[in-house]
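Content type PDB, C-alpha atoms and all ligand atoms, from the file entry17.pdb:
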```pdb
ATOM      1  CA  MET A 214     -18.500   2.268   4.238
ATOM      2  CA  PRO A 215     -18.911   1.292   0.537
ATOM      3  CA  ASP A 216     -20.637  -2.035  -0.311
ATOM      4  CA  LEU A 217     -18.087  -4.800  -0.845
ATOM      5  CA  PRO A 218     -18.086  -8.339  -2.287
ATOM      6  CA  PRO A 219     -17.451 -11.250   0.153
ATOM      7  CA  SER A 220     -13.767 -11.282  -0.892
ATOM      8  CA  LEU A 221     -13.261  -7.986   0.967
ATOM      9  CA  SER A 222     -14.412  -6.876   4.385
ATOM     10  CA  ALA A 223     -14.178  -3.505   6.037
ATOM     11  CA  ALA A 224     -14.592  -2.156   9.539
ATOM     12  CA  ARG A 225     -14.370   1.306  11.029
ATOM     13  CA  ASP A 226     -12.281   2.139  14.092
ATOM     14  CA  GLY A 227     -12.849   5.875  14.713
ATOM     15  CA  ASP A 228     -11.156   7.737  11.887
ATOM     16  CA  ILE A 229      -9.389   4.580  10.678
ATOM     17  CA  ALA A 230     -10.888   2.094   8.192
ATOM     18  CA  VAL A 231      -9.572  -1.465   8.287
ATOM     19  CA  LEU A 232      -9.913  -3.281   4.968
ATOM     20  CA  ARG A 233      -9.208  -7.003   4.754
ATOM     21  CA  LEU A 234      -8.671  -9.276   1.808
ATOM     22  CA  SER A 235     -11.132 -11.965   2.885
ATOM     23  CA  ARG A 236     -10.707 -14.960   0.620
ATOM     24  CA  PRO A 237      -8.356 -17.072   2.739
ATOM     25  CA  ASP A 238      -9.362 -20.376   1.087
ATOM     26  CA  LYS A 239      -7.801 -18.996  -2.130
ATOM     27  CA  ARG A 240      -4.971 -17.277  -0.244
ATOM     28  CA  ASN A 241      -6.607 -13.910  -0.990
ATOM     29  CA  ALA A 242      -5.864 -14.282  -4.696
ATOM     30  CA  LEU A 243      -7.113 -11.228  -6.563
ATOM     31  CA  ASN A 244      -9.868 -11.798  -9.110
ATOM     32  CA  ASP A 245     -11.330  -8.979 -11.184
ATOM     33  CA  PRO A 246     -14.367  -8.274  -8.942
ATOM     34  CA  THR A 247     -12.030  -7.953  -5.934
ATOM     35  CA  VAL A 248      -9.622  -5.641  -7.745
ATOM     36  CA  LEU A 249     -12.466  -3.443  -9.003
ATOM     37  CA  SER A 250     -13.986  -3.334  -5.523
ATOM     38  CA  LEU A 251     -10.693  -2.088  -4.105
ATOM     39  CA  GLU A 252     -11.198   0.951  -6.315
ATOM     40  CA  THR A 253     -14.816   1.329  -5.165
ATOM     41  CA  PHE A 254     -13.633   1.172  -1.561
ATOM     42  CA  PHE A 255     -10.812   3.676  -1.865
ATOM     43  CA  THR A 256     -12.748   6.173  -3.964
ATOM     44  CA  GLY A 257     -15.863   5.883  -1.779
ATOM     45  CA  LEU A 258     -14.309   6.324   1.665
ATOM     46  CA  PRO A 259     -16.488   8.369   4.006
ATOM     47  CA  ASP A 260     -15.145  11.871   4.793
ATOM     48  CA  GLY A 261     -14.361  11.006   8.415
ATOM     49  CA  VAL A 262     -11.842   8.309   7.468
ATOM     50  CA  ARG A 263      -8.308   9.707   7.699
ATOM     51  CA  ALA A 264      -6.197   6.575   7.195
ATOM     52  CA  VAL A 265      -6.691   2.979   6.070
ATOM     53  CA  VAL A 266      -5.095  -0.254   7.281
ATOM     54  CA  LEU A 267      -5.043  -3.024   4.665
ATOM     55  CA  ALA A 268      -4.510  -6.607   5.852
ATOM     56  CA  GLY A 269      -5.198 -10.150   4.693
ATOM     57  CA  GLU A 270      -7.244 -12.876   6.385
ATOM     58  CA  GLY A 271      -5.870 -16.360   6.947
ATOM     59  CA  ARG A 272      -2.243 -17.436   6.731
ATOM     60  CA  HIS A 273      -1.180 -15.150   3.865
ATOM     61  CA  PHE A 274      -1.499 -11.532   2.847
ATOM     62  CA  CYS A 275      -2.095 -12.252  -0.839
ATOM     63  CA  ALA A 276      -1.199 -14.872  -3.473
ATOM     64  CA  GLY A 277      -1.423 -12.326  -6.315
ATOM     65  CA  LEU A 278      -3.457 -12.625  -9.462
ATOM     66  CA  ASP A 279      -6.194 -15.262  -9.305
ATOM     67  CA  LEU A 280      -4.683 -17.800 -11.687
ATOM     68  CA  GLY A 281      -7.921 -19.780 -11.704
ATOM     69  CA  GLU A 282      -9.683 -16.910 -13.435
ATOM     70  CA  LEU A 283      -6.879 -16.123 -15.849
ATOM     71  CA  GLN A 284      -8.676 -16.162 -19.158
ATOM     72  CA  GLU A 285      -7.384 -16.340 -22.683
ATOM     73  CA  ARG A 286      -7.012 -12.693 -23.620
ATOM     74  CA  ASP A 287      -5.960 -11.221 -26.912
ATOM     75  CA  VAL A 288      -3.318  -8.507 -26.838
ATOM     76  CA  ALA A 289      -5.808  -5.643 -26.606
ATOM     77  CA  GLU A 290      -7.721  -7.328 -23.763
ATOM     78  CA  GLY A 291      -4.470  -8.082 -21.958
ATOM     79  CA  LEU A 292      -3.438  -4.456 -22.202
ATOM     80  CA  ARG A 293      -6.804  -3.282 -20.907
ATOM     81  CA  HIS A 294      -6.669  -5.760 -18.023
ATOM     82  CA  SER A 295      -3.270  -4.597 -16.848
ATOM     83  CA  ARG A 296      -4.285  -0.952 -17.244
ATOM     84  CA  MET A 297      -7.344  -1.698 -15.098
ATOM     85  CA  TRP A 298      -5.035  -2.928 -12.284
ATOM     86  CA  HIS A 299      -2.926   0.206 -12.777
ATOM     87  CA  SER A 300      -5.891   2.500 -12.376
ATOM     88  CA  VAL A 301      -7.078   0.674  -9.238
ATOM     89  CA  PHE A 302      -3.652   0.736  -7.586
ATOM     90  CA  GLU A 303      -3.248   4.407  -8.527
ATOM     91  CA  ALA A 304      -6.540   5.040  -6.742
ATOM     92  CA  ILE A 305      -4.789   3.653  -3.650
ATOM     93  CA  GLU A 306      -1.415   5.365  -4.079
ATOM     94  CA  PHE A 307      -2.881   8.733  -5.031
ATOM     95  CA  GLY A 308      -6.134   8.361  -3.095
ATOM     96  CA  ARG A 309      -7.494  10.622  -0.391
ATOM     97  CA  VAL A 310      -5.830   9.027   2.637
ATOM     98  CA  PRO A 311      -2.611   7.162   3.454
ATOM     99  CA  VAL A 312      -2.751   3.367   3.566
ATOM    100  CA  VAL A 313      -0.776   1.136   5.931
ATOM    101  CA  ALA A 314      -0.350  -2.428   4.624
ATOM    102  CA  VAL A 315       0.053  -5.215   7.179
ATOM    103  CA  LEU A 316       1.914  -8.108   5.566
ATOM    104  CA  HIS A 317       2.173 -11.720   6.650
ATOM    105  CA  GLY A 318       2.797 -15.031   4.911
ATOM    106  CA  ALA A 319       2.905 -14.872   1.116
ATOM    107  CA  VAL A 320       3.161 -11.386  -0.367
ATOM    108  CA  VAL A 321       3.646 -12.523  -3.927
ATOM    109  CA  GLY A 322       3.031 -11.426  -7.494
ATOM    110  CA  GLY A 323       0.100  -9.025  -7.601
ATOM    111  CA  GLY A 324       0.016  -9.189  -3.793
ATOM    112  CA  LEU A 325       3.438  -7.547  -3.679
ATOM    113  CA  GLU A 326       2.290  -5.068  -6.316
ATOM    114  CA  LEU A 327      -0.690  -4.200  -4.114
ATOM    115  CA  ALA A 328       1.516  -3.819  -1.033
ATOM    116  CA  CYS A 329       3.838  -1.505  -2.971
ATOM    117  CA  ALA A 330       0.916   0.791  -3.865
ATOM    118  CA  CYS A 331       0.392   1.415  -0.121
ATOM    119  CA  HIS A 332       2.265   4.125   1.743
ATOM    120  CA  VAL A 333       3.634   2.327   4.798
ATOM    121  CA  ARG A 334       4.326  -1.405   5.058
ATOM    122  CA  VAL A 335       4.408  -3.368   8.322
ATOM    123  CA  ALA A 336       5.666  -6.939   7.937
ATOM    124  CA  GLU A 337       5.235  -9.760  10.407
ATOM    125  CA  ARG A 338       8.114 -12.257  10.693
ATOM    126  CA  SER A 339       6.120 -14.798   8.647
ATOM    127  CA  ALA A 340       6.039 -12.509   5.581
ATOM    128  CA  TYR A 341       7.884 -13.473   2.431
ATOM    129  CA  TYR A 342       8.108 -11.798  -0.948
ATOM    130  CA  GLY A 343       8.218 -13.326  -4.399
ATOM    131  CA  LEU A 344       7.484 -12.497  -8.017
ATOM    132  CA  PRO A 345       6.591 -15.923  -9.478
ATOM    133  CA  GLU A 346       5.408 -14.448 -12.778
ATOM    134  CA  GLY A 347       8.485 -15.939 -14.452
ATOM    135  CA  GLN A 348       7.499 -19.442 -13.311
ATOM    136  CA  ARG A 349       3.928 -18.898 -14.539
ATOM    137  CA  GLY A 350       5.032 -17.640 -17.958
ATOM    138  CA  ILE A 351       3.535 -14.203 -17.485
ATOM    139  CA  PHE A 352       4.770 -10.748 -16.461
ATOM    140  CA  VAL A 353       3.932  -8.275 -13.731
ATOM    141  CA  GLY A 354       0.896  -6.220 -14.706
ATOM    142  CA  GLY A 355      -0.143  -4.342 -11.588
ATOM    143  CA  GLY A 356       2.507  -1.640 -11.591
ATOM    144  CA  GLY A 357       5.239  -3.835 -10.085
ATOM    145  CA  SER A 358       7.856  -2.913 -12.658
ATOM    146  CA  VAL A 359       7.478   0.741 -11.654
ATOM    147  CA  ARG A 360       6.969   0.448  -7.899
ATOM    148  CA  VAL A 361       9.190  -2.480  -6.875
ATOM    149  CA  PRO A 362      12.420  -0.989  -8.349
ATOM    150  CA  LYS A 363      11.716   2.228  -6.443
ATOM    151  CA  LEU A 364      11.992   0.193  -3.234
ATOM    152  CA  ILE A 365      14.732  -2.339  -3.990
ATOM    153  CA  GLY A 366      16.222  -1.331  -7.369
ATOM    154  CA  ALA A 367      15.626  -2.755 -10.851
ATOM    155  CA  SER A 368      18.497  -5.217 -10.562
ATOM    156  CA  ARG A 369      17.085  -6.924  -7.436
ATOM    157  CA  MET A 370      13.670  -7.103  -9.047
ATOM    158  CA  MET A 371      15.238  -8.756 -12.091
ATOM    159  CA  ASP A 372      16.887 -11.324  -9.811
ATOM    160  CA  MET A 373      13.525 -12.080  -8.127
ATOM    161  CA  MET A 374      11.797 -12.543 -11.462
ATOM    162  CA  LEU A 375      14.564 -14.403 -13.278
ATOM    163  CA  THR A 376      15.596 -16.811 -10.533
ATOM    164  CA  GLY A 377      12.359 -17.030  -8.555
ATOM    165  CA  ARG A 378      14.233 -15.765  -5.491
ATOM    166  CA  VAL A 379      12.034 -15.341  -2.436
ATOM    167  CA  HIS A 380      13.022 -12.819   0.241
ATOM    168  CA  ASP A 381      12.064 -13.530   3.833
ATOM    169  CA  ALA A 382      10.746 -10.830   6.146
ATOM    170  CA  ALA A 383      14.154  -9.931   7.589
ATOM    171  CA  GLU A 384      15.677  -9.579   4.128
ATOM    172  CA  GLY A 385      12.610  -7.654   2.932
ATOM    173  CA  GLN A 386      13.086  -5.233   5.809
ATOM    174  CA  ARG A 387      16.789  -4.840   5.015
ATOM    175  CA  LEU A 388      16.065  -4.221   1.335
ATOM    176  CA  GLY A 389      13.292  -1.701   2.021
ATOM    177  CA  LEU A 390      10.222  -3.738   1.089
ATOM    178  CA  SER A 391       8.849  -3.121   4.587
ATOM    179  CA  HIS A 392       9.251  -0.123   6.883
ATOM    180  CA  TYR A 393       8.528  -2.042  10.105
ATOM    181  CA  LEU A 394       9.218  -5.645  11.076
ATOM    182  CA  VAL A 395       7.200  -7.033  13.972
ATOM    183  CA  GLU A 396       6.527 -10.393  15.601
ATOM    184  CA  ASP A 397       3.778 -12.618  14.219
ATOM    185  CA  GLY A 398       0.388 -11.506  15.475
ATOM    186  CA  GLN A 399       1.564  -7.932  16.125
ATOM    187  CA  GLY A 400       1.083  -6.559  12.615
ATOM    188  CA  LEU A 401      -2.476  -5.313  12.920
ATOM    189  CA  ALA A 402      -1.887  -3.575  16.268
ATOM    190  CA  THR A 403       1.234  -1.902  14.861
ATOM    191  CA  GLY A 404      -0.607  -0.969  11.668
ATOM    192  CA  LEU A 405      -3.431   0.600  13.683
ATOM    193  CA  GLU A 406      -1.012   2.479  15.911
ATOM    194  CA  LEU A 407       0.769   3.906  12.856
ATOM    195  CA  ALA A 408      -2.549   4.723  11.167
ATOM    196  CA  ARG A 409      -3.617   6.685  14.274
ATOM    197  CA  LYS A 410      -0.408   8.727  14.116
ATOM    198  CA  ILE A 411      -1.003   9.365  10.419
ATOM    199  CA  ALA A 412      -4.635  10.350  11.072
ATOM    200  CA  SER A 413      -3.525  12.863  13.708
ATOM    201  CA  ASN A 414      -1.483  14.869  11.162
ATOM    202  CA  ALA A 415      -2.939  17.903   9.443
ATOM    203  CA  PRO A 416      -4.825  16.590   6.381
ATOM    204  CA  MET A 417      -3.004  19.052   4.100
ATOM    205  CA  THR A 418       0.371  17.693   5.229
ATOM    206  CA  ASN A 419      -0.756  14.126   4.471
ATOM    207  CA  PHE A 420      -2.081  15.302   1.107
ATOM    208  CA  ALA A 421       1.279  16.935   0.316
ATOM    209  CA  VAL A 422       3.226  13.851   1.408
ATOM    210  CA  MET A 423       1.127  11.521  -0.758
ATOM    211  CA  GLN A 424       0.731  13.721  -3.803
ATOM    212  CA  ALA A 425       3.976  15.665  -3.913
ATOM    213  CA  ILE A 426       6.770  13.397  -2.657
ATOM    214  CA  PRO A 427       6.448  10.621  -5.280
ATOM    215  CA  ARG A 428       6.074  13.185  -8.062
ATOM    216  CA  ILE A 429       8.989  15.311  -6.843
ATOM    217  CA  ALA A 430      11.074  12.124  -6.708
ATOM    218  CA  GLU A 431      10.480  11.702 -10.448
ATOM    219  CA  ALA A 432      10.920  15.383 -11.343
ATOM    220  CA  SER A 433      14.035  17.339 -12.240
ATOM    221  CA  GLY A 434      15.608  19.168  -9.287
ATOM    222  CA  GLY A 435      14.263  22.513 -10.512
ATOM    223  CA  ASN A 436      10.695  21.278 -10.880
ATOM    224  CA  GLY A 437      10.991  19.456  -7.567
ATOM    225  CA  TYR A 438      12.076  22.562  -5.656
ATOM    226  CA  LEU A 439       9.300  24.619  -7.191
ATOM    227  CA  THR A 440       6.635  21.965  -6.436
ATOM    228  CA  GLU A 441       7.958  21.696  -2.880
ATOM    229  CA  ALA A 442       7.807  25.471  -2.407
ATOM    230  CA  LEU A 443       4.234  25.605  -3.732
ATOM    231  CA  MET A 444       3.132  22.741  -1.490
ATOM    232  CA  ALA A 445       4.899  24.246   1.552
ATOM    233  CA  ALA A 446       3.169  27.575   0.978
ATOM    234  CA  VAL A 447      -0.232  25.900   0.624
ATOM    235  CA  ALA A 448       0.248  23.798   3.779
ATOM    236  CA  GLN A 449       1.499  26.598   5.996
ATOM    237  CA  ASN A 450      -1.369  28.849   4.943
ATOM    238  CA  GLU A 451      -3.927  26.408   6.420
ATOM    239  CA  GLY A 452      -5.613  27.427   9.684
ATOM    240  CA  GLU A 453      -4.650  24.033  11.048
ATOM    241  CA  ALA A 454      -0.921  24.780  10.511
ATOM    242  CA  LYS A 455      -1.251  28.125  12.260
ATOM    243  CA  ARG A 456      -3.043  26.504  15.207
ATOM    244  CA  ARG A 457      -0.460  23.716  15.504
ATOM    245  CA  LEU A 458       2.480  26.150  15.413
ATOM    246  CA  ARG A 459       0.831  28.303  18.097
ATOM    247  CA  ASP A 460       0.236  25.173  20.211
ATOM    248  CA  PHE A 461       3.937  24.359  20.060
ATOM    249  CA  LEU A 462       5.100  27.871  20.873
ATOM    250  CA  GLU A 463       2.658  28.033  23.803
ATOM    251  CA  LYS A 464       3.914  24.639  25.087
ATOM    252  CA  ARG A 465       0.702  22.721  24.413
ATOM    253  CA  ALA A 466       2.141  20.417  21.740
ATOM    254  CA  GLY A 467       4.277  17.324  22.047
ATOM    255  CA  LYS A 468       8.034  17.469  21.458
ATOM    256  CA  VAL A 469       9.937  15.282  19.034
ATOM    257  CA  GLU A 470      11.008  12.221  20.996
ATOM    258  CA  LYS A 471      12.924   9.061  20.210
ATOM    259  CA  ASP A 472      10.742   5.980  19.593
ATOM    260  CA  GLY A 473      10.817   3.086  22.035
TER     261      GLY A 473
HETATM  262  C1  LIG A 501      -4.779 -19.767  -5.821
HETATM  263  C2  LIG A 501      -3.690 -18.872  -5.910
HETATM  264  C3  LIG A 501      -3.690 -17.962  -6.992
HETATM  265  C4  LIG A 501      -3.394 -20.121  -4.196
HETATM  266  N1  LIG A 501      -4.722 -18.001  -7.836
HETATM  267  N2  LIG A 501      -5.778 -19.759  -6.696
HETATM  268  N3  LIG A 501       0.569 -16.092  -7.870
HETATM  269  C5  LIG A 501       1.279 -17.217  -7.690
HETATM  270  O1  LIG A 501       1.863 -17.773  -8.584
HETATM  271  C6  LIG A 501       1.224 -17.802  -6.305
HETATM  272  C7  LIG A 501       0.540 -19.140  -6.335
HETATM  273  N4  LIG A 501       0.230 -19.627  -5.001
HETATM  274  C8  LIG A 501       1.191 -20.212  -4.207
HETATM  275  O2  LIG A 501       2.364 -20.279  -4.523
HETATM  276  C9  LIG A 501       0.684 -20.783  -2.918
HETATM  277  O3  LIG A 501      -0.706 -21.044  -3.046
HETATM  278  C10 LIG A 501       0.913 -19.869  -1.688
HETATM  279  C11 LIG A 501       2.405 -19.817  -1.374
HETATM  280  C12 LIG A 501       0.386 -18.465  -1.936
HETATM  281  C13 LIG A 501       0.136 -20.441  -0.470
HETATM  282  O4  LIG A 501       0.485 -21.793  -0.271
HETATM  283  P1  LIG A 501      -0.466 -22.709   0.649
HETATM  284  O5  LIG A 501       0.214 -24.023   0.781
HETATM  285  O6  LIG A 501      -0.843 -21.975   1.876
HETATM  286  O7  LIG A 501      -1.844 -22.867  -0.182
HETATM  287  P2  LIG A 501      -2.166 -23.799  -1.454
HETATM  288  O8  LIG A 501      -2.508 -25.168  -0.984
HETATM  289  O9  LIG A 501      -1.106 -23.681  -2.500
HETATM  290  O10 LIG A 501      -3.445 -23.072  -2.049
HETATM  291  C14 LIG A 501      -4.691 -23.121  -1.377
HETATM  292  C15 LIG A 501      -5.764 -22.857  -2.408
HETATM  293  O11 LIG A 501      -5.596 -21.529  -2.912
HETATM  294  C16 LIG A 501      -5.653 -23.769  -3.605
HETATM  295  O12 LIG A 501      -6.946 -23.973  -4.107
HETATM  296  P3  LIG A 501      -7.774 -25.324  -3.759
HETATM  297  O13 LIG A 501      -9.082 -25.137  -4.442
HETATM  298  O14 LIG A 501      -6.943 -26.466  -4.308
HETATM  299  O15 LIG A 501      -7.885 -25.370  -2.250
HETATM  300  C17 LIG A 501      -4.884 -22.958  -4.598
HETATM  301  O16 LIG A 501      -5.107 -23.312  -5.938
HETATM  302  C18 LIG A 501      -5.436 -21.580  -4.320
HETATM  303  N5  LIG A 501      -4.552 -20.528  -4.746
HETATM  304  N6  LIG A 501      -2.851 -19.115  -4.899
HETATM  305  C19 LIG A 501      -5.707 -18.875  -7.682
HETATM  306  N7  LIG A 501      -2.740 -17.058  -7.147
HETATM  307  C20 LIG A 501      -1.575  -8.069 -12.442
HETATM  308  S1  LIG A 501      -0.481  -9.240 -12.824
HETATM  309  C21 LIG A 501      -0.075 -10.085 -11.392
HETATM  310  C22 LIG A 501       0.575 -11.356 -11.761
HETATM  311  C23 LIG A 501       0.648 -12.312 -10.610
HETATM  312  O17 LIG A 501       0.207 -12.066  -9.517
HETATM  313  S2  LIG A 501       1.417 -13.785 -10.962
HETATM  314  C24 LIG A 501       1.554 -14.583  -9.435
HETATM  315  C25 LIG A 501       0.378 -15.464  -9.147
END
```
What is this file in structure tokens?
Ligand code: 1HE
Amino acid sequence: MPDLPPSLSAARDGDIAVLRLSRPDKRNALNDPTVLSLETFFTGLPDGVRAVVLAGEGRHFCAGLDLGELQERDVAEGLRHSRMWHSVFEAIEFGRVPVVAVLHGAVVGGGLELACACHVRVAERSAYYGLPEGQRGIFVGGGGSVRVPKLIGASRMMDMMLTGRVHDAAEGQRLGLSHYLVEDGQGLATGLELARKIASNAPMTNFAVMQAIPRIAEASGGNGYLTEALMAAVAQNEGEAKRRLRDFLEKRAGKVEKDG
């Protein structure tokens, strides 16, 4: 596993890596070394890792940008700083493996931006979502204005930023900020269970899901259909796809069953 600063900790559980924001005394606020180390982690994952679970230590997932380290920046430096966050969060969203975020307590500002760069979000009942940038006199800078509206719509994001509205976990689930809502203390186990399912997929299917679906969603219908056809042809040509289809036809594979 890549070397990490004390604000992050990582552990390996078979083909799953569990990464934790580990600065609970500062509510896992994200300073520059932590943000840059997220990139080091996600770009340096060992080959055997097939999914990542991202969680936060302490009572909160993440309090967003470390306001204590917010320096005076001129316009050019401010631009570069935000673009640095963009490149790190892109390394997560378009990285090698899917990431399951486990959310609890505050998921605010840059913490919500980080959660939105992950592929699946599990929220515990204690989770709540806010974009307090308006109160702080700043603006989102970690990709939130692109990713949050994709989940809840631009108009709801505007409400959060203009009025300081905070959504609780149940509302976040209803709006689409989380995919799963679980009891407090159950988030990590659920995240690991989902990560194991993800890791058991054919790697080419996971690659196609991560790389193609968000891009097709932004493409014209014609470009989308063509990209889908190309990706489908690539995936089905893999030996792994052929083996899995044979397993099903010869009754060795699981059937589709209802959850729960
Ligand atoms: C921090 C931060 C932080 C806490 N940067 N130090 N984010 C915010 O505006 C959220 C600001 N934080 C809060 O609203 C609250 O701290 C929480 C709701 C997250 C947690 O409350 P609580 O009662 O558990 O903790 P606390 O007592 O407020 O904070 C504990 C310590 O963490 C305290 O430091 P201490 O030295 O006095 O113990 C706090 O100062 C510290 N702390 N949050 C620095 N964010 C790419 S652009 C992204 C833009 C943004 O993310 S803007 C949103 C910033």
Select all residues near (8.0, -5.6, -10.4) (cut-off 10 Å, inclusive, file coordinates), counting all atoms listed in the file, and output them as a PDB file with C-alpha atoms, in the frame of the given file.
```
ATOM      1  CA  GLY A 322       3.031 -11.426  -7.494  1.00  0.00           C
ATOM      2  CA  GLY A 323       0.100  -9.025  -7.601  1.00  0.00           C
ATOM      3  CA  LEU A 325       3.438  -7.547  -3.679  1.00  0.00           C
ATOM      4  CA  GLU A 326       2.290  -5.068  -6.316  1.00  0.00           C
ATOM      5  CA  CYS A 329       3.838  -1.505  -2.971  1.00  0.00           C
ATOM      6  CA  GLY A 343       8.218 -13.326  -4.399  1.00  0.00           C
ATOM      7  CA  LEU A 344       7.484 -12.497  -8.017  1.00  0.00           C
ATOM      8  CA  GLU A 346       5.408 -14.448 -12.778  1.00  0.00           C
ATOM      9  CA  PHE A 352       4.770 -10.748 -16.461  1.00  0.00           C
ATOM     10  CA  VAL A 353       3.932  -8.275 -13.731  1.00  0.00           C
ATOM     11  CA  GLY A 354       0.896  -6.220 -14.706  1.00  0.00           C
ATOM     12  CA  GLY A 355      -0.143  -4.342 -11.588  1.00  0.00           C
ATOM     13  CA  GLY A 356       2.507  -1.640 -11.591  1.00  0.00           C
ATOM     14  CA  GLY A 357       5.239  -3.835 -10.085  1.00  0.00           C
ATOM     15  CA  SER A 358       7.856  -2.913 -12.658  1.00  0.00           C
ATOM     16  CA  VAL A 359       7.478   0.741 -11.654  1.00  0.00           C
ATOM     17  CA  ARG A 360       6.969   0.448  -7.899  1.00  0.00           C
ATOM     18  CA  VAL A 361       9.190  -2.480  -6.875  1.00  0.00           C
ATOM     19  CA  PRO A 362      12.420  -0.989  -8.349  1.00  0.00           C
ATOM     20  CA  LYS A 363      11.716   2.228  -6.443  1.00  0.00           C
ATOM     21  CA  ILE A 365      14.732  -2.339  -3.990  1.00  0.00           C
ATOM     22  CA  GLY A 366      16.222  -1.331  -7.369  1.00  0.00           C
ATOM     23  CA  ALA A 367      15.626  -2.755 -10.851  1.00  0.00           C
ATOM     24  CA  ARG A 369      17.085  -6.924  -7.436  1.00  0.00           C
ATOM     25  CA  MET A 370      13.670  -7.103  -9.047  1.00  0.00           C
ATOM     26  CA  MET A 371      15.238  -8.756 -12.091  1.00  0.00           C
ATOM     27  CA  MET A 373      13.525 -12.080  -8.127  1.00  0.00           C
ATOM     28  CA  MET A 374      11.797 -12.543 -11.462  1.00  0.00           C
TER      29      MET A 374
END
```
Give as JSON, numbers by chain the set of residues within 6 Å of the point (-5.5, 10.2, 10.4), where distances use the file's coordinates and all atoms listed in the file. {"A": [263, 264, 409, 411, 412, 413]}
File dump, residues just selected, C-alpha atoms, as a PDB file, keeping the file's coordinate frame:
```pdb
ATOM      1  CA  ARG A 263      -8.308   9.707   7.699  1.00  0.00           C
ATOM      2  CA  ALA A 264      -6.197   6.575   7.195  1.00  0.00           C
ATOM      3  CA  ARG A 409      -3.617   6.685  14.274  1.00  0.00           C
ATOM      4  CA  ILE A 411      -1.003   9.365  10.419  1.00  0.00           C
ATOM      5  CA  ALA A 412      -4.635  10.350  11.072  1.00  0.00           C
ATOM      6  CA  SER A 413      -3.525  12.863  13.708  1.00  0.00           C
TER       7      SER A 413
END
```
With a cut-off of 12 Å, could you pull out the residues of stretch 267-339 of chain A touching stretch 423-433 of chain A and give me the nearest pair of atoms for each, distance in Å to one decimal, using only C-alpha atoms, ordered by chain and ascending number, as CSV?
```
residue,atom,partner,partner_atom,distance
A:Glu303,CA,A:Gln424,CA,11.2
A:Ala304,CA,A:Met423,CA,11.7
A:Ile305,CA,A:Met423,CA,10.3
A:Glu306,CA,A:Met423,CA,7.4
A:Phe307,CA,A:Gln424,CA,6.3
A:Gly308,CA,A:Met423,CA,8.3
A:Arg309,CA,A:Met423,CA,8.7
A:Val310,CA,A:Met423,CA,8.1
A:Pro311,CA,A:Met423,CA,7.1
A:Val312,CA,A:Met423,CA,10.0
A:Ala330,CA,A:Met423,CA,11.2
A:Cys331,CA,A:Met423,CA,10.2
A:His332,CA,A:Met423,CA,7.9
A:Val333,CA,A:Met423,CA,11.0
```
Export, as a PDB file, in the frame of the given file, the selected residues with C-alpha atoms.
```pdb
ATOM      1  CA  GLU A 303      -3.248   4.407  -8.527  1.00  0.00           C
ATOM      2  CA  ALA A 304      -6.540   5.040  -6.742  1.00  0.00           C
ATOM      3  CA  ILE A 305      -4.789   3.653  -3.650  1.00  0.00           C
ATOM      4  CA  GLU A 306      -1.415   5.365  -4.079  1.00  0.00           C
ATOM      5  CA  PHE A 307      -2.881   8.733  -5.031  1.00  0.00           C
ATOM      6  CA  GLY A 308      -6.134   8.361  -3.095  1.00  0.00           C
ATOM      7  CA  ARG A 309      -7.494  10.622  -0.391  1.00  0.00           C
ATOM      8  CA  VAL A 310      -5.830   9.027   2.637  1.00  0.00           C
ATOM      9  CA  PRO A 311      -2.611   7.162   3.454  1.00  0.00           C
ATOM     10  CA  VAL A 312      -2.751   3.367   3.566  1.00  0.00           C
ATOM     11  CA  ALA A 330       0.916   0.791  -3.865  1.00  0.00           C
ATOM     12  CA  CYS A 331       0.392   1.415  -0.121  1.00  0.00           C
ATOM     13  CA  HIS A 332       2.265   4.125   1.743  1.00  0.00           C
ATOM     14  CA  VAL A 333       3.634   2.327   4.798  1.00  0.00           C
TER      15      VAL A 333
END
```
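Between atom CA of A:Val231 and atom CA of A:Gly398 lies a distance of 15.9 Å.
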Going by the chain IDs and residue numbers used in this file, which residues fall under the PyMOL selection byres (((chain A and resi 233) around 8) and not hetatm)? Write them as a PyMOL selection string. chain A and resi 221-223+231-232+234-235+267-270
To one decimal place in Å, what is the distance between atom CA of A:Ala230 and atom CA of A:Gly385? 26.0 Å
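Of note, atom CA of A:Arg457 and atom CA of A:Ala408 are spaced 19.6 Å apart.
Using all atoms listed in the file, the smallest distance between any of A:Val422, A:Ala415, A:Ala336, A:Leu439 and A:Gly452 comes from A:Ala415.
The list of residues with at least one atom within 10 Å of A:Glu451, based on all atoms listed in the file and without residues fewer than 2 positions apart in the same chain, reads Ala415, Pro416, Met417, Thr418, Ala446, Val447, Ala448, Gln449, Glu453, Ala454, Lys455 and Arg456 of chain A.
Using only C-alpha atoms, the shortest contact distance between A:Ser300 and any of A:Val395, A:Met214, A:Val379, A:Leu251 is found at A:Leu251.
Evaluated on this file, the PyMOL selection byres (((chain A and resi 382) around 9) and not hetatm) matches His317, Ala336, Glu337, Arg338, Ser339, Ala340, Tyr341, Tyr342, His380, Asp381, Ala383, Glu384, Gly385, Gln386, Arg387, Leu390, Ser391 and Leu394 of chain A.
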